[in-house]
Every structure is written in C-alpha cells, then in structure tokens.
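Shown next: query_11.pdb, given as PDB, C-alpha atoms.
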ATOM      1  CA  MET A   1    -196.271  35.656  28.222
ATOM      2  CA  ASN A   2    -195.764  32.183  29.712
ATOM      3  CA  ASP A   3    -193.929  31.206  32.904
ATOM      4  CA  ALA A   4    -190.682  30.368  31.070
ATOM      5  CA  GLN A   5    -190.474  33.851  29.566
ATOM      6  CA  VAL A   6    -191.238  35.488  32.913
ATOM      7  CA  ILE A   7    -188.494  33.417  34.554
ATOM      8  CA  GLU A   8    -185.984  34.489  31.904
ATOM      9  CA  ILE A   9    -186.819  38.156  32.550
ATOM     10  CA  LEU A  10    -186.479  37.657  36.305
ATOM     11  CA  VAL A  11    -183.126  35.930  35.826
ATOM     12  CA  CYS A  12    -181.844  38.802  33.671
ATOM     13  CA  ILE A  13    -182.807  41.332  36.350
ATOM     14  CA  LYS A  14    -181.154  39.280  39.095
ATOM     15  CA  VAL A  15    -177.968  38.796  37.075
ATOM     16  CA  ILE A  16    -177.728  42.558  36.484
ATOM     17  CA  ILE A  17    -178.193  43.212  40.209
ATOM     18  CA  LEU A  18    -175.556  40.635  41.138
ATOM     19  CA  GLY A  19    -173.169  42.073  38.542
ATOM     20  CA  LEU A  20    -173.532  45.574  39.978
ATOM     21  CA  VAL A  21    -172.931  44.267  43.501
ATOM     22  CA  SER A  22    -169.799  42.438  42.281
ATOM     23  CA  ILE A  23    -168.461  45.677  40.824
ATOM     24  CA  GLY A  24    -169.267  47.442  44.087
ATOM     25  CA  THR A  25    -167.283  44.889  46.102
ATOM     26  CA  LEU A  26    -164.236  45.443  43.872
ATOM     27  CA  ILE A  27    -164.519  49.216  44.245
ATOM     28  CA  TYR A  28    -164.658  48.700  48.001
ATOM     29  CA  THR A  29    -161.830  46.172  48.232
ATOM     30  CA  ILE A  30    -159.139  47.453  45.849
ATOM     31  CA  PRO A  31    -158.362  50.808  47.574
ATOM     32  CA  ILE A  32    -158.052  49.115  50.977
ATOM     33  CA  CYS A  33    -155.690  46.464  49.607
ATOM     34  CA  PHE A  34    -153.396  48.917  47.808
ATOM     35  CA  HIS A  35    -153.255  51.817  50.278
ATOM     36  CA  ARG A  36    -151.335  51.248  53.503
ATOM     37  CA  LYS A  37    -153.287  53.775  55.568
ATOM     38  CA  LEU A  38    -156.520  51.904  54.836
ATOM     39  CA  ARG A  39    -155.136  48.459  55.673
ATOM     40  CA  THR A  40    -156.162  48.493  59.325
ATOM     41  CA  PRO A  41    -157.198  45.238  61.046
ATOM     42  CA  LEU A  42    -160.827  46.378  61.131
ATOM     43  CA  ASN A  43    -160.754  47.199  57.423
ATOM     44  CA  LEU A  44    -159.192  43.815  56.650
ATOM     45  CA  LEU A  45    -162.191  42.170  58.287
ATOM     46  CA  SER A  46    -164.529  44.265  56.147
ATOM     47  CA  VAL A  47    -162.468  43.379  53.061
ATOM     48  CA  ASN A  48    -163.000  39.727  53.916
ATOM     49  CA  VAL A  49    -166.754  40.365  54.079
ATOM     50  CA  SER A  50    -166.563  42.174  50.741
ATOM     51  CA  LEU A  51    -164.534  39.433  49.030
ATOM     52  CA  THR A  52    -166.834  36.668  50.208
ATOM     53  CA  LEU A  53    -169.742  38.779  48.988
ATOM     54  CA  PHE A  54    -167.999  39.060  45.602
ATOM     55  CA  ILE A  55    -167.521  35.286  45.407
ATOM     56  CA  CYS A  56    -171.139  34.717  46.420
ATOM     57  CA  THR A  57    -172.590  37.139  43.856
ATOM     58  CA  MET A  58    -170.340  35.895  41.049
ATOM     59  CA  PHE A  59    -171.220  32.290  41.760
ATOM     60  CA  TRP A  60    -174.959  32.895  41.887
ATOM     61  CA  GLY A  61    -174.868  35.098  38.792
ATOM     62  CA  ILE A  62    -173.093  32.416  36.778
ATOM     63  CA  TYR A  63    -175.320  29.727  38.269
ATOM     64  CA  LEU A  64    -178.518  31.571  37.294
ATOM     65  CA  VAL A  65    -177.353  32.018  33.704
ATOM     66  CA  ILE A  66    -176.251  28.408  33.248
ATOM     67  CA  SER A  67    -179.224  26.854  35.077
ATOM     68  CA  THR A  68    -181.683  28.924  33.007
ATOM     69  CA  TRP A  69    -180.269  28.564  29.510
ATOM     70  CA  PHE A  70    -177.737  25.702  29.726
ATOM     71  CA  ASP A  71    -179.175  23.380  32.377
ATOM     72  CA  ASN A  72    -178.108  20.294  30.418
ATOM     73  CA  ILE A  73    -174.500  21.306  31.031
ATOM     74  CA  LEU A  74    -175.005  22.101  34.697
ATOM     75  CA  TRP A  75    -176.921  19.079  35.941
ATOM     76  CA  THR A  76    -174.807  16.057  35.062
ATOM     77  CA  LYS A  77    -173.683  13.068  37.096
ATOM     78  CA  LYS A  78    -170.227  14.602  37.547
ATOM     79  CA  SER A  79    -171.291  18.144  38.423
ATOM     80  CA  CYS A  80    -174.639  17.838  40.244
ATOM     81  CA  LEU A  81    -173.391  17.269  43.790
ATOM     82  CA  TRP A  82    -170.514  19.687  43.246
ATOM     83  CA  ILE A  83    -172.952  22.457  42.347
ATOM     84  CA  LEU A  84    -175.002  21.845  45.500
ATOM     85  CA  TYR A  85    -171.822  21.747  47.582
ATOM     86  CA  LEU A  86    -170.653  25.080  46.148
ATOM     87  CA  GLN A  87    -174.051  26.627  46.850
ATOM     88  CA  ALA A  88    -173.678  25.804  50.530
ATOM     89  CA  ALA A  89    -169.967  26.671  50.689
ATOM     90  CA  VAL A  90    -170.155  30.163  49.147
ATOM     91  CA  ASN A  91    -173.111  31.096  51.341
ATOM     92  CA  CYS A  92    -171.276  29.865  54.433
ATOM     93  CA  LEU A  93    -168.230  31.896  53.380
ATOM     94  CA  SER A  94    -170.357  35.031  53.285
ATOM     95  CA  ILE A  95    -172.112  34.662  56.638
ATOM     96  CA  TYR A  96    -169.062  33.239  58.452
ATOM     97  CA  SER A  97    -167.064  36.321  57.461
ATOM     98  CA  THR A  98    -169.540  38.325  59.536
ATOM     99  CA  CYS A  99    -169.115  35.827  62.390
ATOM    100  CA  ILE A 100    -165.330  36.254  62.331
ATOM    101  CA  ALA A 101    -165.668  40.039  62.366
ATOM    102  CA  SER A 102    -167.989  39.839  65.362
ATOM    103  CA  LEU A 103    -165.694  37.424  67.208
ATOM    104  CA  ASN A 104    -162.649  39.639  66.672
ATOM    105  CA  ARG A 105    -164.503  42.675  67.922
ATOM    106  CA  LEU A 106    -165.443  40.749  71.055
ATOM    107  CA  LEU A 107    -161.825  39.707  71.662
ATOM    108  CA  ALA A 108    -160.553  43.252  71.030
ATOM    109  CA  ILE A 109    -163.017  44.654  73.576
ATOM    110  CA  VAL A 110    -162.709  41.998  76.302
ATOM    111  CA  TYR A 111    -158.918  41.689  75.968
ATOM    112  CA  HIS A 112    -158.222  45.284  75.053
ATOM    113  CA  THR A 113    -154.737  45.154  76.619
ATOM    114  CA  THR A 114    -153.709  42.151  74.502
ATOM    115  CA  VAL A 115    -151.892  43.406  71.418
ATOM    116  CA  LEU A 116    -152.226  40.076  69.585
ATOM    117  CA  PHE A 117    -155.948  40.478  68.888
ATOM    118  CA  ARG A 118    -155.312  43.817  67.151
ATOM    119  CA  THR A 119    -152.537  42.656  64.825
ATOM    120  CA  THR A 120    -152.799  41.986  61.117
ATOM    121  CA  LYS A 121    -151.320  38.498  61.495
ATOM    122  CA  TRP A 122    -154.068  37.498  63.927
ATOM    123  CA  ILE A 123    -156.787  38.851  61.626
ATOM    124  CA  LEU A 124    -155.351  37.001  58.621
ATOM    125  CA  MET A 125    -155.124  33.773  60.619
ATOM    126  CA  CYS A 126    -158.773  34.105  61.660
ATOM    127  CA  ILE A 127    -159.801  34.710  58.052
ATOM    128  CA  VAL A 128    -157.912  31.621  56.861
ATOM    129  CA  VAL A 129    -159.563  29.500  59.583
ATOM    130  CA  GLN A 130    -162.966  30.879  58.602
ATOM    131  CA  TRP A 131    -162.424  29.894  54.965
ATOM    132  CA  ILE A 132    -161.277  26.399  55.941
ATOM    133  CA  ILE A 133    -164.328  25.889  58.162
ATOM    134  CA  ALA A 134    -166.723  27.073  55.434
ATOM    135  CA  ILE A 135    -165.118  24.718  52.929
ATOM    136  CA  LEU A 136    -165.108  21.693  55.240
ATOM    137  CA  ILE A 137    -168.467  22.148  56.944
ATOM    138  CA  SER A 138    -170.269  21.963  53.584
ATOM    139  CA  LEU A 139    -168.752  18.597  52.605
ATOM    140  CA  PRO A 140    -171.641  16.446  53.993
ATOM    141  CA  THR A 141    -173.762  17.648  51.048
ATOM    142  CA  PHE A 142    -171.832  15.070  49.003
ATOM    143  CA  THR A 143    -173.576  12.314  50.985
ATOM    144  CA  SER A 144    -176.858  13.127  49.266
ATOM    145  CA  SER A 145    -178.176  10.728  46.651
ATOM    146  CA  LEU A 146    -176.916  11.470  43.132
ATOM    147  CA  LYS A 147    -180.200  10.224  41.719
ATOM    148  CA  HIS A 148    -182.180  12.604  43.886
ATOM    149  CA  CYS A 149    -179.727  15.408  43.072
ATOM    150  CA  LEU A 150    -180.473  15.066  39.358
ATOM    151  CA  ILE A 151    -184.220  15.188  40.065
ATOM    152  CA  SER A 152    -184.698  17.977  42.608
ATOM    153  CA  GLY A 153    -181.483  18.633  44.575
ATOM    154  CA  LEU A 154    -180.448  17.592  48.064
ATOM    155  CA  GLU A 155    -182.367  15.058  50.104
ATOM    156  CA  ILE A 156    -184.333  16.192  53.136
ATOM    157  CA  TYR A 157    -181.606  15.428  55.690
ATOM    158  CA  GLN A 158    -178.960  17.290  53.724
ATOM    159  CA  GLN A 159    -181.355  20.236  53.254
ATOM    160  CA  LEU A 160    -181.882  20.361  57.009
ATOM    161  CA  TYR A 161    -178.116  20.200  57.512
ATOM    162  CA  VAL A 162    -177.545  23.148  55.155
ATOM    163  CA  LEU A 163    -180.266  25.094  56.958
ATOM    164  CA  PHE A 164    -178.417  24.426  60.218
ATOM    165  CA  ILE A 165    -174.892  25.387  59.081
ATOM    166  CA  ALA A 166    -175.950  28.426  57.031
ATOM    167  CA  ALA A 167    -178.671  29.863  59.283
ATOM    168  CA  CYS A 168    -179.055  28.276  62.725
ATOM    169  CA  LEU A 169    -175.360  27.909  63.621
ATOM    170  CA  PRO A 170    -174.403  31.489  62.625
ATOM    171  CA  SER A 171    -177.481  32.777  64.446
ATOM    172  CA  ILE A 172    -176.386  31.107  67.684
ATOM    173  CA  PHE A 173    -172.778  32.234  67.271
ATOM    174  CA  LEU A 174    -173.619  35.861  66.492
ATOM    175  CA  SER A 175    -176.176  36.010  69.270
ATOM    176  CA  ILE A 176    -173.566  34.871  71.806
ATOM    177  CA  THR A 177    -170.815  37.216  70.581
ATOM    178  CA  ASN A 178    -173.047  40.274  70.184
ATOM    179  CA  ILE A 179    -174.723  39.816  73.580
ATOM    180  CA  SER A 180    -171.287  39.306  75.152
ATOM    181  CA  ILE A 181    -170.033  42.541  73.567
ATOM    182  CA  PHE A 182    -173.040  44.460  74.805
ATOM    183  CA  LEU A 183    -172.826  43.108  78.357
ATOM    184  CA  HIS A 184    -169.078  43.648  78.620
ATOM    185  CA  VAL A 185    -169.244  47.217  77.323
ATOM    186  CA  ARG A 186    -172.130  47.993  79.653
ATOM    187  CA  ARG A 187    -170.338  46.584  82.701
ATOM    188  CA  SER A 188    -167.096  48.350  81.805
ATOM    189  CA  THR A 189    -168.834  51.680  81.337
ATOM    190  CA  GLN A 190    -170.651  51.414  84.656
ATOM    191  CA  ARG A 191    -167.461  50.369  86.468
ATOM    192  CA  ILE A 192    -165.356  53.158  84.985
ATOM    193  CA  TYR A 193    -168.079  55.727  85.604
ATOM    194  CA  SER A 194    -168.435  54.833  89.262
ATOM    195  CA  ALA A 195    -164.688  54.616  89.937
ATOM    196  CA  HIS A 196    -163.441  57.523  87.827
ATOM    197  CA  ASN A 197    -166.043  60.185  87.263
ATOM    198  CA  GLU A 198    -163.444  62.441  85.706
ATOM    199  CA  VAL A 199    -163.018  60.128  82.699
ATOM    200  CA  ASN A 200    -166.698  59.482  82.278
ATOM    201  CA  GLY A 201    -166.815  61.331  78.940
ATOM    202  CA  THR A 202    -164.094  59.152  77.421
ATOM    203  CA  SER A 203    -165.728  55.942  78.611
ATOM    204  CA  LEU A 204    -169.033  56.974  77.084
ATOM    205  CA  ILE A 205    -167.394  57.763  73.739
ATOM    206  CA  ILE A 206    -165.746  54.341  73.653
ATOM    207  CA  SER A 207    -168.937  52.512  74.616
ATOM    208  CA  GLN A 208    -171.023  54.398  72.073
ATOM    209  CA  ARG A 209    -168.530  53.543  69.339
ATOM    210  CA  ASP A 210    -168.579  49.850  70.263
ATOM    211  CA  ILE A 211    -172.364  49.794  70.509
ATOM    212  CA  ARG A 212    -172.605  51.386  67.043
ATOM    213  CA  LEU A 213    -170.393  48.593  65.732
ATOM    214  CA  LEU A 214    -172.549  46.049  67.558
ATOM    215  CA  LYS A 215    -175.659  47.464  65.881
ATOM    216  CA  HIS A 216    -173.861  47.348  62.551
ATOM    217  CA  MET A 217    -172.958  43.662  62.939
ATOM    218  CA  ILE A 218    -176.516  42.815  63.977
ATOM    219  CA  PHE A 219    -177.829  44.714  60.965
ATOM    220  CA  MET A 220    -175.495  42.868  58.578
ATOM    221  CA  PHE A 221    -176.550  39.515  59.983
ATOM    222  CA  SER A 222    -180.243  40.441  59.949
ATOM    223  CA  ILE A 223    -179.991  41.257  56.254
ATOM    224  CA  PHE A 224    -178.457  37.871  55.542
ATOM    225  CA  PHE A 225    -180.930  36.067  57.783
ATOM    226  CA  CYS A 226    -183.991  37.696  56.198
ATOM    227  CA  SER A 227    -182.550  37.194  52.710
ATOM    228  CA  TRP A 228    -181.450  33.568  52.861
ATOM    229  CA  VAL A 229    -183.365  31.792  55.615
ATOM    230  CA  PRO A 230    -186.679  31.877  53.664
ATOM    231  CA  ILE A 231    -184.847  30.283  50.725
ATOM    232  CA  TYR A 232    -183.431  27.526  52.933
ATOM    233  CA  ILE A 233    -186.799  26.886  54.547
ATOM    234  CA  ILE A 234    -188.418  26.631  51.129
ATOM    235  CA  ALA A 235    -185.613  24.271  50.067
ATOM    236  CA  VAL A 236    -186.510  21.987  52.973
ATOM    237  CA  ILE A 237    -190.220  22.175  52.143
ATOM    238  CA  ASN A 238    -189.481  21.677  48.439
ATOM    239  CA  TRP A 239    -186.924  18.896  48.894
ATOM    240  CA  ASN A 240    -188.807  16.615  46.484
ATOM    241  CA  GLY A 241    -189.577  19.360  43.954
ATOM    242  CA  THR A 242    -193.333  19.588  44.632
ATOM    243  CA  GLY A 243    -193.547  22.164  47.445
ATOM    244  CA  ILE A 244    -193.431  25.333  45.331
ATOM    245  CA  THR A 245    -193.609  26.298  41.671
ATOM    246  CA  TYR A 246    -190.433  27.135  39.771
ATOM    247  CA  LEU A 247    -191.720  30.646  39.075
ATOM    248  CA  ALA A 248    -192.462  31.314  42.742
ATOM    249  CA  TYR A 249    -188.987  30.084  43.669
ATOM    250  CA  HIS A 250    -187.407  32.541  41.216
ATOM    251  CA  ILE A 251    -189.436  35.370  42.710
ATOM    252  CA  LEU A 252    -188.226  34.429  46.207
ATOM    253  CA  GLN A 253    -184.637  34.575  44.929
ATOM    254  CA  PHE A 254    -184.974  38.354  44.810
ATOM    255  CA  LEU A 255    -184.623  38.341  48.610
ATOM    256  CA  PRO A 256    -180.933  37.333  48.510
ATOM    257  CA  ALA A 257    -180.324  39.770  45.638
ATOM    258  CA  ILE A 258    -181.777  42.626  47.697
ATOM    259  CA  GLY A 259    -179.716  41.459  50.664
ATOM    260  CA  PHE A 260    -176.524  41.631  48.574
ATOM    261  CA  VAL A 261    -177.314  45.192  47.510
ATOM    262  CA  THR A 262    -178.022  46.241  51.093
ATOM    263  CA  ASN A 263    -174.804  44.678  52.355
ATOM    264  CA  ILE A 264    -172.506  46.441  49.880
ATOM    265  CA  ILE A 265    -174.237  49.786  50.452
ATOM    266  CA  ASP A 266    -173.872  49.303  54.198
ATOM    267  CA  LEU A 267    -170.156  48.543  53.850
ATOM    268  CA  PHE A 268    -169.598  51.855  52.058
ATOM    269  CA  LEU A 269    -171.738  53.821  54.502
ATOM    270  CA  TYR A 270    -170.044  52.367  57.559
ATOM    271  CA  ASN A 271    -166.421  52.739  56.398
ATOM    272  CA  HIS A 272    -165.763  56.426  57.094
ATOM    273  CA  GLU A 273    -162.055  56.139  56.232
ATOM    274  CA  LEU A 274    -162.774  54.756  52.773
ATOM    275  CA  ARG A 275    -165.401  57.409  52.100
ATOM    276  CA  ALA A 276    -162.944  60.112  53.116
ATOM    277  CA  TYR A 277    -160.368  58.572  50.747
ATOM    278  CA  PHE A 278    -162.814  58.666  47.830
ATOM    279  CA  PHE A 279    -163.843  62.252  48.604
ATOM    280  CA  GLN A 280    -160.193  63.279  48.663
ATOM    281  CA  LYS A 281    -159.555  61.643  45.277
ATOM    282  CA  PHE A 282    -162.586  63.369  43.768
ATOM    283  CA  ARG A 283    -161.365  66.734  45.035
ATOM    284  CA  GLU A 284    -157.858  66.132  43.706
ATOM    285  CA  ASN A 285    -158.948  65.145  40.202
ATOM    286  CA  PRO A 286    -160.056  68.622  39.009
ATOM    287  CA  ILE A 287    -156.777  70.104  40.338
ATOM    288  CA  SER A 288    -154.606  67.521  38.614
ATOM    289  CA  SER A 289    -156.488  67.889  35.323
ATOM    290  CA  THR A 290    -155.846  71.630  35.250
TER     291      THR A 290
END
Please lay out the structure from this file as structure tokens.
Amino acid sequence: MNDAQVIEILVCIKVIILGLVSIGTLIYTIPICFHRKLRTPLNLLSVNVSLTLFICTMFWGIYLVISTWFDNILWTKKSCLWILYLQAAVNCLSIYSTCIASLNRLLAIVYHTTVLFRTTKWILMCIVVQWIIAILISLPTFTSSLKHCLISGLEIYQQLYVLFIAACLPSIFLSITNISIFLHVRRSTQRIYSAHNEVNGTSLIISQRDIRLLKHMIFMFSIFFCSWVPIYIIAVINWNGTGITYLAYHILQFLPAIGFVTNIIDLFLYNHELRAYFFQKFRENPISST
C-alpha cells in the first residue's frame, strides 16, 4: 500500500468523524432552538458554539473530500485564496464563539445587578459581533501571493498572521477573561463570607457553580488549542511545502478531528437541562406508543 492509498483511507476516516460530529451538533442545537424553556441566554451561547462547530466540521469534511479526489477543481486561480480565507474564517468562528461565551460570563458575574447582560438581545448582539469579527479579521489572507497559493498555500507572513488570530489572540483574550472571573469570584466570596457569615452557604454554592463554568471554558479552549495550534505551527514551518510530508500532515489532521469529537461530547455532558429534556422524551415515548 503506497502513501496515496494510505492518505485516502485516512481521509475517509476523518470525513466519517466530521460527519458524526456534524450530526451531533444538530441534535444539540435543534431542541434548544425550538423549545422555549431551553432558550436561555446561557444555552444560546452554547448553541452558537455548536453552530460554529457544525460549520467548521462541514467545511473541513467537504474540503478533505474535494482536495483528495478533486484537487483540480479546488485549487484554481479564482478559488485558491478564497479556500485559504475560509479555512481561517471558519476556525476563527469556532474559537471566537468560546471567547464570546467567556466574556459574557465575566460580564454577568462582575455586573450581576445589570439586567442587560442577561438578556437574549444582548447575547444575540454579541454573537453577531463575533461573527463579523471572525469574517473581517481573516481578510488579510487575500494579500498572499496567488502564485504561492497555487504551489503550497499562504506565504510565511500570512501563515504567521493566521497563527496569531486563531491561536495567540484567543489565548490572550481567554486568559484575561478567565483569570478575571476567578479573581472576582474569589474576592466576592471572601467579602461576603466575612461580612455575612449567615449566607456563607449560598455564596459558596454560587462561587462553586461559576468556578465549574470557568473550568469548563478553560477545558473547551484547551481542546481547541491542543487540536489546532500544532497544525498552525506546522503550517508556518511548512509554508513552502518542504517542511513535512503530505502523509504526516494528514496524520496530524486527526488532532482537530479528535478535538471536534471532544467538544460536542462536552457540550452534551455540560448541558444538564438538555440532558434532562432528552431523558424526559425517552421516558414519554414508551407511554405514547402504548
């Protein structure tokens, strides 16, 4: 079996994984969108994460199929830079959705008396802004040389730029928001405990809930970081197409695929309301069928 055949097998496995994740995101998203009790601001943020994950998996699944078996259609003068732009944009959509969720949690905790930060309109506005930023921030990829794009992809400066916007910038942002959440919750808990010992139990419950969410956001980002950053680093090293073999690159692409699977599983595990909804439906089905 030669390298080309091995690559085709690897691509088939990755496409199947991405397809299953896409189905999982739809199963997660549809009940929240169509049931009023599930459409809480927090769930809308998780729906945004799920939808961007769906777009990301669908794009990369289609890209893998076309680039493996129909590369003459994919890499043309008209489409080459567009493909590289979309690669950066869909990945930014995915990680920035986590950034928006983290930012909103910070605002809800710091300004807990401000109703605005807990409204659906505010959440939707933040999501729209996030999408606009992801779309616009990826535009500099079009400044790469078309000639170089047809040979091996983005030039070195554009590769470094993509590494910055898709890995370094979100890392800085999430570090600031998550540390701010932790410090604020810690200070608030200590202040409430010292001033009102009688409500100490309630303050601890609130802080533990927020810290669990903080850990969840860090976990989600860590999965993305460990899944995609190696790919971006390799892209910088391999900017001229000689840094790594094509087979090795396809093997490394399993990291993002595993990250996608972990993310959708984590969304289901974390959303207790959605799990309770599914359990209720499963219990009702045997009764309705009889």
- Item | Test item: residues at most 9 Å from segment 76-91 of chain A, all atoms listed in the file, excluding those fewer than 4 positions along its chain, as a ChimeraX atom specification | /A:52-53,55-56,59-60,63,71-72,95-96,134-147,149-150,153-154,162,165-166,228
- Task: Name the residues, using the chain letters and numbers of the file, that sit within 12 Å of (-167.6, 51.9, 52.3) when counting all atoms listed in the file, and give them as a PyMOL selection string.
- Result: chain A and resi 24-32+38+43+46-47+49-50+262-279
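From atom CA of Met220 of chain A back to atom CA of Ile244 of chain A, the distance works out to 28.4 Å.
Counting from atom CA of Val115 of chain A, the distance to atom CA of Leu103 of chain A is 15.6 Å.
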- Resolved residues for the PyMOL selection byres ((chain A and resi 229) around 12) as number ranges by chain: A: 91, 95, 159-160, 162-171, 221-228, 230-236, 252-253, 255-256, 259
Any chance you could export the current selection's C-alpha atoms as a PDB file, in the coordinates of the input?
ATOM      1  CA  ASN A  91    -173.111  31.096  51.341  1.00  0.00           C
ATOM      2  CA  ILE A  95    -172.112  34.662  56.638  1.00  0.00           C
ATOM      3  CA  GLN A 159    -181.355  20.236  53.254  1.00  0.00           C
ATOM      4  CA  LEU A 160    -181.882  20.361  57.009  1.00  0.00           C
ATOM      5  CA  VAL A 162    -177.545  23.148  55.155  1.00  0.00           C
ATOM      6  CA  LEU A 163    -180.266  25.094  56.958  1.00  0.00           C
ATOM      7  CA  PHE A 164    -178.417  24.426  60.218  1.00  0.00           C
ATOM      8  CA  ILE A 165    -174.892  25.387  59.081  1.00  0.00           C
ATOM      9  CA  ALA A 166    -175.950  28.426  57.031  1.00  0.00           C
ATOM     10  CA  ALA A 167    -178.671  29.863  59.283  1.00  0.00           C
ATOM     11  CA  CYS A 168    -179.055  28.276  62.725  1.00  0.00           C
ATOM     12  CA  LEU A 169    -175.360  27.909  63.621  1.00  0.00           C
ATOM     13  CA  PRO A 170    -174.403  31.489  62.625  1.00  0.00           C
ATOM     14  CA  SER A 171    -177.481  32.777  64.446  1.00  0.00           C
ATOM     15  CA  PHE A 221    -176.550  39.515  59.983  1.00  0.00           C
ATOM     16  CA  SER A 222    -180.243  40.441  59.949  1.00  0.00           C
ATOM     17  CA  ILE A 223    -179.991  41.257  56.254  1.00  0.00           C
ATOM     18  CA  PHE A 224    -178.457  37.871  55.542  1.00  0.00           C
ATOM     19  CA  PHE A 225    -180.930  36.067  57.783  1.00  0.00           C
ATOM     20  CA  CYS A 226    -183.991  37.696  56.198  1.00  0.00           C
ATOM     21  CA  SER A 227    -182.550  37.194  52.710  1.00  0.00           C
ATOM     22  CA  TRP A 228    -181.450  33.568  52.861  1.00  0.00           C
ATOM     23  CA  PRO A 230    -186.679  31.877  53.664  1.00  0.00           C
ATOM     24  CA  ILE A 231    -184.847  30.283  50.725  1.00  0.00           C
ATOM     25  CA  TYR A 232    -183.431  27.526  52.933  1.00  0.00           C
ATOM     26  CA  ILE A 233    -186.799  26.886  54.547  1.00  0.00           C
ATOM     27  CA  ILE A 234    -188.418  26.631  51.129  1.00  0.00           C
ATOM     28  CA  ALA A 235    -185.613  24.271  50.067  1.00  0.00           C
ATOM     29  CA  VAL A 236    -186.510  21.987  52.973  1.00  0.00           C
ATOM     30  CA  LEU A 252    -188.226  34.429  46.207  1.00  0.00           C
ATOM     31  CA  GLN A 253    -184.637  34.575  44.929  1.00  0.00           C
ATOM     32  CA  LEU A 255    -184.623  38.341  48.610  1.00  0.00           C
ATOM     33  CA  PRO A 256    -180.933  37.333  48.510  1.00  0.00           C
ATOM     34  CA  GLY A 259    -179.716  41.459  50.664  1.00  0.00           C
TER      35      GLY A 259
END
- Which of these, A:Cys12, A:Val21, A:Leu64, A:Leu183, has the shortest distance to Ile109 of chain A once you count all atoms listed in the file? A:Leu183
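Atom CA of Ile16 of chain A to atom CA of Gln130 of chain A spans 29.0 Å [interatomic distance, one decimal].
When all atoms listed in the file are used to compute distances to Cys126 of chain A, the closest of the residues A:Ile251, A:Ile17, A:Leu107, A:Val65 turns out to be A:Leu107.
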- Name every residue that the PyMOL selection byres ((chain A and resi 240) around 9) selects in this structure, writing the answer as a PyMOL selection string with chains first and numbers rising. chain A and resi 148+151-156+236-239+241-243
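Minimum atom-to-atom distance to Leu44 of chain A, evaluated using all atoms listed in the file, belongs to A:Trp122 out of A:Tyr249, A:Tyr111, A:Trp122, A:Phe173.
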